[in-house]
$ cat protein-v3.txt   # compact mmCIF, C-alpha atoms (C1' of nucleotides)
# COMPACT_ATOMS: atom_id res chain seq x y z
CA MET F 1391 -0.11 39.67 -17.64
CA THR F 1392 -2.42 36.84 -18.62
CA GLN F 1393 -2.78 33.75 -16.48
CA ALA F 1394 -2.13 30.23 -17.77
CA PRO F 1395 -5.19 29.07 -19.75
CA ARG F 1396 -7.52 26.87 -17.79
CA ARG F 1397 -8.23 23.31 -18.79
CA LYS F 1398 -11.54 22.53 -20.33
CA ARG F 1399 -13.99 21.06 -17.88
CA ASP F 1400 -13.95 17.36 -18.76
CA SER F 1401 -13.43 14.99 -15.89
CA ALA F 1402 -13.37 11.86 -18.05
CA ALA F 1403 -10.63 13.22 -20.26
CA THR F 1404 -8.70 14.39 -17.22
CA LYS F 1405 -8.88 10.97 -15.59
CA GLU F 1406 -7.78 9.34 -18.82
CA ALA F 1407 -4.87 11.75 -19.22
CA LEU F 1408 -3.77 10.96 -15.67
CA LEU F 1409 -4.02 7.22 -16.24
CA GLN F 1410 -2.05 7.42 -19.47
CA ALA F 1411 0.67 9.61 -17.98
CA ALA F 1412 0.88 7.41 -14.91
CA SER F 1413 1.12 4.28 -17.03
CA GLU F 1414 4.02 5.73 -18.98
CA LEU F 1415 5.90 6.98 -15.96
CA PHE F 1416 5.42 3.85 -13.85
CA THR F 1417 6.69 1.87 -16.83
CA GLU F 1418 9.72 4.10 -17.27
CA ARG F 1419 10.71 4.56 -13.65
CA GLY F 1420 8.73 2.22 -11.45
CA PHE F 1421 6.40 3.07 -8.59
CA SER F 1422 8.59 4.75 -6.00
CA ALA F 1423 10.70 6.74 -8.45
CA THR F 1424 7.61 8.28 -9.99
CA THR F 1425 6.26 11.35 -8.19
CA VAL F 1426 2.70 12.59 -8.31
CA ARG F 1427 4.05 15.92 -9.53
CA ASP F 1428 5.63 14.16 -12.52
CA VAL F 1429 2.38 12.42 -13.38
CA ALA F 1430 0.33 15.59 -13.11
CA ALA F 1431 2.86 17.53 -15.17
CA ARG F 1432 2.95 15.01 -18.00
CA ALA F 1433 -0.83 14.85 -18.03
CA GLY F 1434 -0.99 18.64 -18.08
CA VAL F 1435 -3.16 18.54 -14.99
CA ASN F 1436 -3.07 20.08 -11.57
CA GLN F 1437 -1.75 17.54 -9.13
CA ALA F 1438 -4.58 18.05 -6.69
CA LEU F 1439 -6.92 16.47 -9.23
CA LEU F 1440 -4.92 13.27 -9.03
CA PHE F 1441 -5.98 12.93 -5.43
CA ARG F 1442 -9.53 13.97 -6.08
CA TYR F 1443 -10.00 11.28 -8.71
CA PHE F 1444 -7.82 8.45 -7.38
CA GLY F 1445 -7.44 9.12 -3.69
CA SER F 1446 -3.76 8.28 -3.40
CA LYS F 1447 -0.70 7.45 -5.44
CA GLN F 1448 -1.09 3.80 -4.53
CA GLU F 1449 -4.67 3.62 -5.75
CA LEU F 1450 -3.60 5.27 -8.98
CA PHE F 1451 -0.98 2.57 -9.43
CA ALA F 1452 -3.57 -0.12 -8.82
CA ALA F 1453 -5.87 1.44 -11.39
CA VAL F 1454 -3.09 1.46 -13.97
CA LEU F 1455 -2.05 -2.12 -13.31
CA THR F 1456 -5.48 -3.69 -13.45
CA ARG F 1457 -6.50 -1.67 -16.48
CA ASN F 1458 -3.42 -2.65 -18.48
CA ASN F 1459 -3.26 -6.29 -17.51
CA GLU F 1460 -6.95 -7.15 -17.76
CA GLN F 1461 -6.57 -6.52 -21.43
CA VAL F 1462 -3.51 -8.71 -21.90
CA ILE F 1463 -4.93 -11.66 -20.01
CA ALA F 1464 -8.32 -11.49 -21.66
CA GLU F 1465 -6.99 -11.18 -25.19
CA LEU F 1466 -4.67 -14.13 -25.22
CA SER F 1467 -5.45 -17.85 -25.08
CA ALA F 1468 -3.52 -20.06 -22.71
CA GLU F 1469 -1.47 -21.56 -25.51
CA GLU F 1470 -0.29 -18.18 -26.73
CA LEU F 1471 0.33 -16.71 -23.30
CA PRO F 1472 3.95 -17.64 -22.58
CA ARG F 1473 5.06 -17.01 -26.14
CA GLN F 1474 3.23 -13.71 -26.49
CA LEU F 1475 4.19 -12.58 -23.01
CA LEU F 1476 7.82 -13.07 -23.91
CA ILE F 1477 7.54 -11.47 -27.32
CA ASN F 1478 5.80 -8.41 -25.95
CA LEU F 1479 8.30 -8.13 -23.16
CA LEU F 1480 11.25 -8.50 -25.50
CA ASP F 1481 9.94 -6.04 -28.04
CA SER F 1482 9.45 -3.42 -25.38
CA ALA F 1483 13.19 -3.27 -24.90
CA GLU F 1484 12.96 -0.42 -27.39
CA PRO F 1485 12.93 2.86 -25.46
CA ASN F 1486 9.42 3.83 -26.56
CA GLY F 1487 8.06 0.33 -26.06
CA GLU F 1488 5.62 0.21 -23.23
CA HIS F 1489 4.39 -3.14 -22.07
CA PRO F 1490 2.18 -3.34 -18.97
CA LEU F 1491 4.48 -5.93 -17.47
CA VAL F 1492 7.43 -3.59 -17.42
CA ALA F 1493 5.67 -1.31 -14.97
CA MET F 1494 5.20 -4.30 -12.72
CA LEU F 1495 8.81 -5.40 -13.06
CA ARG F 1496 10.16 -1.96 -12.28
CA SER F 1497 8.01 -1.70 -9.16
CA TRP F 1498 8.73 -5.21 -8.01
CA SER F 1499 10.71 -4.35 -4.93
CA ASP F 1500 8.30 -1.77 -3.61
CA GLU F 1501 6.34 -3.36 -0.84
CA ARG F 1502 3.09 -1.55 -1.52
CA ALA F 1503 3.27 -2.31 -5.21
CA ALA F 1504 4.23 -5.93 -4.57
CA GLU F 1505 1.02 -6.53 -2.68
CA MET F 1506 -0.94 -6.23 -5.89
CA LEU F 1507 1.35 -8.52 -7.84
CA ARG F 1508 1.31 -11.10 -5.09
CA GLY F 1509 -2.44 -11.07 -4.97
CA GLU F 1510 -5.00 -11.54 -7.64
CA LEU F 1511 -2.92 -10.19 -10.49
CA GLY F 1512 -0.09 -12.71 -10.36
CA ASP F 1513 -2.45 -15.58 -9.79
CA ARG F 1514 -4.34 -14.75 -12.92
CA TYR F 1515 -1.26 -15.46 -14.99
CA THR F 1516 -0.51 -18.61 -13.03
CA GLU F 1517 -4.00 -20.05 -13.50
CA ARG F 1518 -3.84 -19.32 -17.18
CA LEU F 1519 -0.49 -21.03 -17.62
CA ALA F 1520 -1.50 -23.98 -15.47
CA GLU F 1521 -4.09 -24.90 -18.07
CA LEU F 1522 -1.25 -26.01 -20.29
CA THR F 1523 -0.38 -29.14 -18.38
CA ASP F 1524 -2.32 -31.85 -16.61
CA ALA F 1525 0.36 -32.60 -14.04
CA ASP F 1526 -0.88 -32.54 -10.47
CA ASP F 1527 1.51 -29.74 -9.53
CA ALA F 1528 0.46 -27.74 -12.56
CA ARG F 1529 0.40 -24.42 -10.72
CA LEU F 1530 3.94 -24.85 -9.42
CA ARG F 1531 5.18 -25.62 -12.91
CA ALA F 1532 3.28 -22.62 -14.21
CA ASP F 1533 4.89 -20.42 -11.56
CA LEU F 1534 8.32 -21.60 -12.64
CA VAL F 1535 7.66 -20.66 -16.24
CA LEU F 1536 6.20 -17.34 -15.13
CA ALA F 1537 9.26 -16.72 -12.99
CA TRP F 1538 11.43 -17.35 -16.00
CA VAL F 1539 9.53 -14.85 -18.13
CA PHE F 1540 9.73 -12.31 -15.33
CA GLY F 1541 13.43 -12.97 -14.83
CA ILE F 1542 14.18 -12.51 -18.50
CA GLY F 1543 12.17 -9.30 -18.51
CA MET F 1544 14.10 -8.09 -15.49
CA VAL F 1545 17.54 -8.82 -16.85
CA ARG F 1546 16.75 -7.54 -20.31
CA SER F 1547 14.35 -4.61 -19.95
CA VAL F 1548 15.04 -3.36 -16.45
CA LEU F 1549 18.69 -4.19 -15.94
CA GLY F 1550 19.69 -3.98 -19.59
CA LYS F 1551 22.40 -6.56 -19.12
CA SER F 1552 24.15 -7.91 -22.19
CA PRO F 1553 24.27 -10.28 -23.93
CA LEU F 1554 20.63 -10.91 -23.06
CA SER F 1555 19.57 -7.35 -23.76
CA GLU F 1556 21.04 -7.40 -27.26
CA ALA F 1557 19.97 -10.89 -28.23
CA ASP F 1558 17.46 -11.61 -30.99
CA PRO F 1559 13.98 -12.09 -29.51
CA GLU F 1560 13.35 -14.99 -31.86
CA VAL F 1561 16.31 -16.90 -30.49
CA ILE F 1562 15.28 -16.30 -26.90
CA VAL F 1563 11.72 -17.39 -27.53
CA ARG F 1564 12.92 -20.55 -29.23
CA TYR F 1565 15.27 -21.46 -26.39
CA VAL F 1566 12.73 -20.78 -23.68
CA THR F 1567 9.72 -22.51 -25.20
CA ARG F 1568 11.84 -25.53 -25.98
CA ALA F 1569 13.18 -25.79 -22.45
CA ALA F 1570 9.80 -24.98 -20.93
CA SER F 1571 8.23 -27.88 -22.78
CA ALA F 1572 10.26 -30.10 -20.47
CA LEU F 1573 8.14 -28.60 -17.68
CA LEU F 1574 4.72 -28.21 -19.21
CA GLU F 1575 4.64 -31.64 -20.73
CA ARG F 1576 2.09 -31.32 -23.45
CA THR F 1577 3.38 -31.57 -26.96
CA ASP F 1578 1.29 -28.76 -28.36
CA LEU F 1579 3.45 -26.19 -26.62
CA SER F 1580 6.50 -26.98 -28.73
CA ASP F 1581 5.15 -25.28 -31.80
CA ASP F 1582 8.30 -23.30 -32.38
CA ARG F 1583 8.45 -22.14 -35.91
CA MET Y 694 21.25 12.86 34.41
CA THR Y 695 23.99 10.84 32.74
CA GLN Y 696 24.54 11.04 29.01
CA ALA Y 697 24.39 7.99 26.74
CA PRO Y 698 27.66 6.06 27.02
CA ARG Y 699 30.10 6.74 24.24
CA ARG Y 700 31.22 4.04 21.87
CA LYS Y 701 34.68 2.66 22.31
CA ARG Y 702 37.13 4.16 19.86
CA ASP Y 703 37.52 1.37 17.31
CA SER Y 704 37.11 2.39 13.70
CA ALA Y 705 37.47 -1.15 12.34
CA ALA Y 706 34.71 -2.48 14.56
CA THR Y 707 32.52 0.48 13.70
CA LYS Y 708 32.96 -0.05 9.98
CA GLU Y 709 32.21 -3.73 10.37
CA ALA Y 710 29.08 -2.99 12.41
CA LEU Y 711 27.90 -0.63 9.71
CA LEU Y 712 28.57 -3.15 6.96
CA GLN Y 713 26.73 -5.89 8.82
CA ALA Y 714 23.73 -3.72 9.63
CA ALA Y 715 23.62 -2.42 6.08
CA SER Y 716 23.80 -5.93 4.68
CA GLU Y 717 20.87 -7.04 6.81
CA LEU Y 718 18.72 -4.03 6.02
CA PHE Y 719 19.42 -3.98 2.30
CA THR Y 720 18.50 -7.66 2.26
CA GLU Y 721 15.29 -7.09 4.18
CA ARG Y 722 14.08 -3.94 2.47
CA GLY Y 723 16.18 -3.20 -0.59
CA PHE Y 724 18.26 -0.15 -1.36
CA SER Y 725 15.79 2.69 -1.57
CA ALA Y 726 13.61 1.60 1.33
CA THR Y 727 16.60 1.47 3.65
CA THR Y 728 17.54 4.78 5.25
CA VAL Y 729 20.94 5.72 6.53
CA ARG Y 730 19.31 6.43 9.86
CA ASP Y 731 18.08 2.83 10.01
CA VAL Y 732 21.52 1.49 9.26
CA ALA Y 733 23.22 3.66 11.85
CA ALA Y 734 20.60 2.79 14.45
CA ARG Y 735 20.91 -0.97 13.97
CA ALA Y 736 24.69 -0.70 14.07
CA GLY Y 737 24.49 1.39 17.24
CA VAL Y 738 26.50 4.09 15.54
CA ASN Y 739 26.06 7.77 14.90
CA GLN Y 740 24.91 8.24 11.34
CA ALA Y 741 27.55 10.83 10.59
CA LEU Y 742 30.14 8.07 10.85
CA LEU Y 743 28.48 6.26 7.98
CA PHE Y 744 29.41 9.14 5.72
CA ARG Y 745 32.88 9.52 7.18
CA TYR Y 746 33.71 5.90 6.44
CA PHE Y 747 31.78 5.20 3.25
CA GLY Y 748 31.16 8.61 1.71
CA SER Y 749 27.58 8.01 0.63
CA LYS Y 750 24.71 5.57 0.89
CA GLN Y 751 25.45 4.33 -2.61
CA GLU Y 752 29.08 3.58 -1.84
CA LEU Y 753 27.99 1.73 1.26
CA PHE Y 754 25.69 -0.41 -0.88
CA ALA Y 755 28.53 -1.13 -3.29
CA ALA Y 756 30.77 -2.17 -0.42
CA VAL Y 757 28.13 -4.58 0.88
CA LEU Y 758 27.42 -6.10 -2.53
CA THR Y 759 30.99 -6.76 -3.53
CA ARG Y 760 31.93 -8.05 -0.10
CA ASN Y 761 29.08 -10.54 0.00
CA ASN Y 762 29.22 -11.77 -3.57
CA GLU Y 763 32.99 -12.11 -3.95
CA GLN Y 764 32.72 -14.86 -1.43
CA VAL Y 765 29.90 -16.72 -3.18
CA ILE Y 766 31.52 -16.63 -6.60
CA ALA Y 767 34.93 -17.61 -5.38
CA GLU Y 768 33.78 -20.50 -3.24
CA LEU Y 769 31.75 -22.36 -5.83
CA SER Y 770 32.87 -24.20 -8.94
CA ALA Y 771 31.04 -23.62 -12.21
CA GLU Y 772 29.28 -26.97 -12.02
CA GLU Y 773 27.87 -26.25 -8.58
CA LEU Y 774 26.94 -22.65 -9.30
CA PRO Y 775 23.40 -22.88 -10.65
CA ARG Y 776 22.40 -25.61 -8.24
CA GLN Y 777 23.93 -23.93 -5.20
CA LEU Y 778 22.70 -20.50 -6.20
CA LEU Y 779 19.20 -21.89 -6.30
CA ILE Y 780 19.48 -23.83 -3.08
CA ASN Y 781 20.86 -20.86 -1.19
CA LEU Y 782 18.21 -18.61 -2.61
CA LEU Y 783 15.43 -21.04 -1.81
CA ASP Y 784 16.60 -21.69 1.72
CA SER Y 785 16.73 -17.99 2.44
CA ALA Y 786 12.97 -17.85 2.09
CA GLU Y 787 13.00 -18.32 5.85
CA PRO Y 788 12.55 -14.92 7.44
CA ASN Y 789 15.97 -14.90 9.06
CA GLY Y 790 17.66 -16.30 5.99
CA GLU Y 791 19.99 -13.81 4.45
CA HIS Y 792 21.50 -14.59 1.12
CA PRO Y 793 23.59 -11.91 -0.59
CA LEU Y 794 21.51 -12.28 -3.73
CA VAL Y 795 18.33 -11.23 -1.98
CA ALA Y 796 19.75 -7.78 -1.35
CA MET Y 797 20.40 -7.54 -5.06
CA LEU Y 798 16.94 -8.74 -5.97
CA ARG Y 799 15.22 -6.32 -3.64
CA SER Y 800 17.21 -3.41 -5.03
CA TRP Y 801 16.80 -4.47 -8.63
CA SER Y 802 14.60 -1.63 -9.78
CA ASP Y 803 16.64 1.12 -8.22
CA GLU Y 804 18.60 2.77 -10.98
CA ARG Y 805 21.66 3.57 -8.92
CA ALA Y 806 21.80 0.07 -7.48
CA ALA Y 807 21.17 -1.52 -10.87
CA GLU Y 808 24.33 0.03 -12.24
CA MET Y 809 26.39 -2.29 -10.11
CA LEU Y 810 24.42 -5.37 -11.02
CA ARG Y 811 24.58 -4.54 -14.71
CA GLY Y 812 28.29 -4.09 -14.57
CA GLU Y 813 30.98 -6.32 -13.27
CA LEU Y 814 28.87 -8.15 -10.75
CA GLY Y 815 26.32 -9.67 -13.10
CA ASP Y 816 28.94 -10.53 -15.67
CA ARG Y 817 30.88 -12.52 -13.13
CA TYR Y 818 27.98 -14.91 -12.72
CA THR Y 819 27.46 -15.06 -16.47
CA GLU Y 820 31.07 -15.92 -17.24
CA ARG Y 821 31.02 -18.58 -14.61
CA LEU Y 822 27.87 -20.20 -15.98
CA ALA Y 823 29.05 -19.92 -19.57
CA GLU Y 824 31.86 -22.35 -18.77
CA LEU Y 825 29.23 -25.07 -18.62
CA THR Y 826 28.57 -25.27 -22.33
CA ASP Y 827 30.66 -25.09 -25.46
CA ALA Y 828 27.92 -23.59 -27.62
CA ASP Y 829 28.99 -20.49 -29.49
CA ASP Y 830 26.30 -18.41 -27.80
CA ALA Y 831 27.30 -19.74 -24.41
CA ARG Y 832 26.96 -16.39 -22.66
CA LEU Y 833 23.44 -15.87 -23.91
CA ARG Y 834 22.43 -19.31 -22.69
CA ALA Y 835 24.10 -18.58 -19.39
CA ASP Y 836 22.17 -15.33 -19.09
CA LEU Y 837 18.93 -17.18 -19.68
CA VAL Y 838 19.67 -19.61 -16.86
CA LEU Y 839 20.76 -16.75 -14.63
CA ALA Y 840 17.55 -14.90 -15.46
CA TRP Y 841 15.61 -17.96 -14.42
CA VAL Y 842 17.37 -18.19 -11.08
CA PHE Y 843 16.80 -14.48 -10.51
CA GLY Y 844 13.16 -14.76 -11.53
CA ILE Y 845 12.55 -17.64 -9.16
CA GLY Y 846 14.24 -15.74 -6.37
CA MET Y 847 12.07 -12.73 -7.12
CA VAL Y 848 8.79 -14.56 -7.17
CA ARG Y 849 9.63 -16.68 -4.16
CA SER Y 850 11.70 -14.57 -1.79
CA VAL Y 851 10.74 -11.03 -2.71
CA LEU Y 852 7.17 -11.40 -3.88
CA GLY Y 853 6.36 -14.41 -1.73
CA LYS Y 854 3.87 -15.67 -4.27
CA SER Y 855 2.40 -19.11 -3.79
CA PRO Y 856 2.59 -21.86 -4.80
CA LEU Y 857 6.23 -21.16 -5.64
CA SER Y 858 6.97 -19.71 -2.22
CA GLU Y 859 5.70 -22.79 -0.41
CA ALA Y 860 7.14 -25.41 -2.72
CA ASP Y 861 9.83 -27.88 -1.69
CA PRO Y 862 13.26 -26.59 -2.75
CA GLU Y 863 14.28 -30.07 -3.83
CA VAL Y 864 11.44 -30.23 -6.33
CA ILE Y 865 12.23 -26.83 -7.75
CA VAL Y 866 15.90 -27.61 -8.14
CA ARG Y 867 15.08 -30.85 -9.92
CA TYR Y 868 12.70 -29.20 -12.35
CA VAL Y 869 15.02 -26.33 -13.12
CA THR Y 870 18.23 -28.28 -13.60
CA ARG Y 871 16.44 -30.76 -15.80
CA ALA Y 872 14.94 -28.07 -18.02
CA ALA Y 873 18.16 -26.06 -18.02
CA SER Y 874 20.08 -29.04 -19.33
CA ALA Y 875 18.20 -28.49 -22.56
CA LEU Y 876 20.00 -25.16 -22.74
CA LEU Y 877 23.46 -25.91 -21.39
CA GLU Y 878 23.94 -29.00 -23.43
CA ARG Y 879 26.56 -30.88 -21.55
CA THR Y 880 25.52 -34.10 -19.89
CA ASP Y 881 27.42 -33.53 -16.68
CA LEU Y 882 24.89 -30.90 -15.59
CA SER Y 883 22.02 -33.38 -15.28
CA ASP Y 884 23.31 -34.88 -12.07
CA ASP Y 885 19.98 -34.56 -10.35
CA ARG Y 886 19.79 -36.83 -7.40
C1' DT A 169 51.75 18.42 30.33
C1' DG A 170 50.42 20.00 25.97
C1' DA A 171 50.05 19.64 20.89
C1' DC A 172 47.93 16.86 17.42
C1' DC A 173 45.25 13.45 15.08
C1' DT A 174 41.44 10.25 15.15
C1' DT A 175 36.90 8.90 16.47
C1' DG A 176 32.26 9.90 18.10
C1' DT A 177 28.18 13.25 18.74
C1' DG A 178 24.08 16.36 18.20
C1' DA A 179 21.89 19.51 15.63
C1' DG A 180 20.21 20.97 11.50
C1' DC A 181 20.22 22.36 6.39
C1' DG A 182 18.11 22.10 1.91
C1' DA A 183 15.54 19.59 -1.05
C1' DG A 184 11.83 16.62 -2.14
C1' DT A 185 7.78 13.86 -0.89
C1' DG A 186 2.50 12.67 -0.59
C1' DC A 187 -1.33 14.95 0.44
C1' DT A 188 -4.72 18.87 2.04
C1' DT A 189 -7.13 23.04 1.95
C1' DA A 190 -9.22 27.38 0.67
C1' DC A 191 -10.69 29.38 -3.15
C1' DA A 192 -11.93 30.59 -8.23
C1' DA A 193 -14.12 29.57 -12.46
C1' DA A 194 -17.26 26.92 -15.42
C1' DC A 195 -21.35 24.42 -15.89
C1' DG A 196 -26.54 22.71 -15.20
C1' DC A 197 -30.62 23.81 -13.32
C1' DT A 198 -34.98 26.36 -12.24
C1' DA E 487 -30.61 35.89 -13.13
C1' DG E 488 -29.49 33.24 -9.09
C1' DC E 489 -28.33 28.98 -7.09
C1' DG E 490 -25.70 24.70 -6.10
C1' DT E 491 -22.51 21.39 -7.86
C1' DT E 492 -18.56 19.99 -10.30
C1' DT E 493 -13.98 20.89 -12.03
C1' DG E 494 -9.60 23.36 -11.93
C1' DT E 495 -5.90 26.13 -9.25
C1' DA E 496 -2.28 27.93 -6.03
C1' DA E 497 -0.19 27.50 -1.92
C1' DG E 498 1.62 25.22 1.65
C1' DC E 499 1.65 21.73 5.61
C1' DA E 500 3.99 18.08 7.81
C1' DC E 501 7.27 14.93 7.17
C1' DT E 502 11.37 12.23 5.57
C1' DC E 503 15.43 11.97 3.12
C1' DG E 504 20.74 12.10 2.30
C1' DC E 505 24.21 14.66 3.89
C1' DT E 506 27.18 18.42 6.46
C1' DC E 507 29.31 20.81 10.19
C1' DA E 508 31.09 22.55 14.45
C1' DC E 509 32.56 20.57 18.30
C1' DA E 510 33.59 17.15 22.32
C1' DA E 511 36.14 13.18 23.89
C1' DG E 512 39.70 9.55 23.60
C1' DG E 513 44.23 8.27 22.07
C1' DT E 514 49.40 8.89 20.94
C1' DC E 515 53.77 10.94 21.18
C1' DA E 516 57.00 14.67 22.45
$ encode --input "protein-v3.txt" --output "structure tokens"
Amino acid sequence: MTQAPRRKRDSAATKEALLQAASELFTERGFSATTVRDVAARAGVNQALLFRYFGSKQELFAAVLTRNNEQVIAELSAEELPRQLLINLLDSAEPNGEHPLVAMLRSWSDERAAEMLRGELGDRYTERLAELTDADDARLRADLVLAWVFGIGMVRSVLGKSPLSEADPEVIVRYVTRAASALLERTDLSDDR
Amino acid sequence: MTQAPRRKRDSAATKEALLQAASELFTERGFSATTVRDVAARAGVNQALLFRYFGSKQELFAAVLTRNNEQVIAELSAEELPRQLLINLLDSAEPNGEHPLVAMLRSWSDERAAEMLRGELGDRYTERLAELTDADDARLRADLVLAWVFGIGMVRSVLGKSPLSEADPEVIVRYVTRAASALLERTDLSDDR
DNA sequence: TGACCTTGTGAGCGAGTGCTTACAAACGCT
DNA sequence: AGCGTTTGTAAGCACTCGCTCACAAGGTCA
């Protein structure tokens, strides 16, 4: 009987397949509910390679998080951030939707995963949002808005609680940006269409 | 050598000890990071009794959640709810603080635990908050406020992210209630001191 | 006292976890 | 061809988890 066909020798493609599979699974199930065997299986890769290339499950998670979020933060201007963050998060309520933030939200309560959110990653979003106001406690106000976005993502995408999970994204965005303008008191935020 | 002294025969006290220990541990670590061995150890009880009295770890979690939250919901009027929810949550940032909600927040991403939050429990808070406005999408607005409270609790108590985690509770409450009054459009909510 | 039910105990089963190791095959090089 | 290095594979180690079970000890009632 013939053995299973070997993979082509291509370490770059293997790493990429692992990252992609890990990104999907962490988004779907969160950090602790995702096993390295699942990741390797979806990537079509022997699980030992996961450890050869990333060292540990935790380091793999870190690689996924930074890779996905670097992009989001870099691409968006401060003015668009809260609005786009929300829109992306709300759109990804669809089962195949896959926003980087959802992986973070689903892994929130895991202590090892939380360390990365608490650190540099979360602060990046805060700094960006803080640019929107000139109040002296700008970063606190930014954190409050960020907490709101996270909370909405939690209740809607992770919990799936109605009526929030069924509501029209447009309506939510309008409500939130309007109320948030009471916090980030520059007029150019209230550009709700 | 003498054997470890046996527990007194008192099923009620044993159940209560298990519930209390479980409540503490679920609050500190969340559902999935808490093991039945931990619970039994802190309660000073053989772990087999946990299963005799509660059937499974999941049923124990349900017992803790309903027990703790019934009290909170029943005690507070609708007008006080958002403010008190926030204050309790913010005060419990102290290491020994132990608000029922924190156990929920820490177990958020666990699918089995989330079922209970999604169901009756979360709706109870929503209904209560929806009483505050007469808008036709009252429950959606209530969910948005609830999501904000949850988000703040997450970022502050679970993540421990600064500056939100170090901020003065009074300031946070003032900001939030003021901005939330743009959502729940009755004037009697803006009673910020 | 002895039968019976309730409560507490220790040991361990079966499954799943992250991770390691010994080895085989494919490649680049001289 | 022969060599060393890189990439892929199969197996399993060591551990933790939720949960079960056979049994011992305390209590009640006849």
$ closest_atom_pairs --input "protein-v3.txt" --of "chain A" --to "chain F" --cutoff "10 Å" --atoms "all atoms listed in the file" --output "Markdown table"
| residue | atom | partner | partner_atom | distance |
| --- | --- | --- | --- | --- |
| A:DG184 | C1' | F:Thr1425 | CA | 9.8 |
| A:DT185 | C1' | F:Thr1425 | CA | 7.9 |
| A:DG186 | C1' | F:Val1426 | CA | 7.7 |
| A:DC187 | C1' | F:Phe1441 | CA | 7.8 |
| A:DT188 | C1' | F:Ala1438 | CA | 8.8 |
| A:DA193 | C1' | F:Arg1396 | CA | 8.9 |
| A:DA194 | C1' | F:Arg1399 | CA | 7.1 |
| A:DC195 | C1' | F:Arg1399 | CA | 8.3 |
$ closest_residue --input "protein-v3.txt" --among "F:Asn1436, F:Arg1508, F:Ala1402, F:Val1539" --to "chain E" --atoms "only C-alpha atoms (C1' of nucleotides)"
F:Asn1436
$ atom_distance --input "protein-v3.txt" --atom1 "atom CA of Lys854 of chain Y" --atom2 "atom CA of Leu833 of chain Y"
27.7 Å
$ atom_distance --input "protein-v3.txt" --atom1 "atom CA of Ala1537 of chain F" --atom2 "atom CA of Val848 of chain Y"
6.2 Å
$ residues_around --input "protein-v3.txt" --residues "Glu1560 of chain F" --least-positions-apart "5" --cutoff "12 Å" --atoms "all atoms listed in the file" --output "MDAnalysis selection string"
chainID F and resid 1473:1474 1476:1478 1480:1481 1565:1567 1582:1583
$ closest_residue --input "protein-v3.txt" --among "F:Ala1412, F:Leu1574, F:Ala1504, F:Leu1522" --to "chain Y" --atoms "all atoms listed in the file"
F:Ala1504
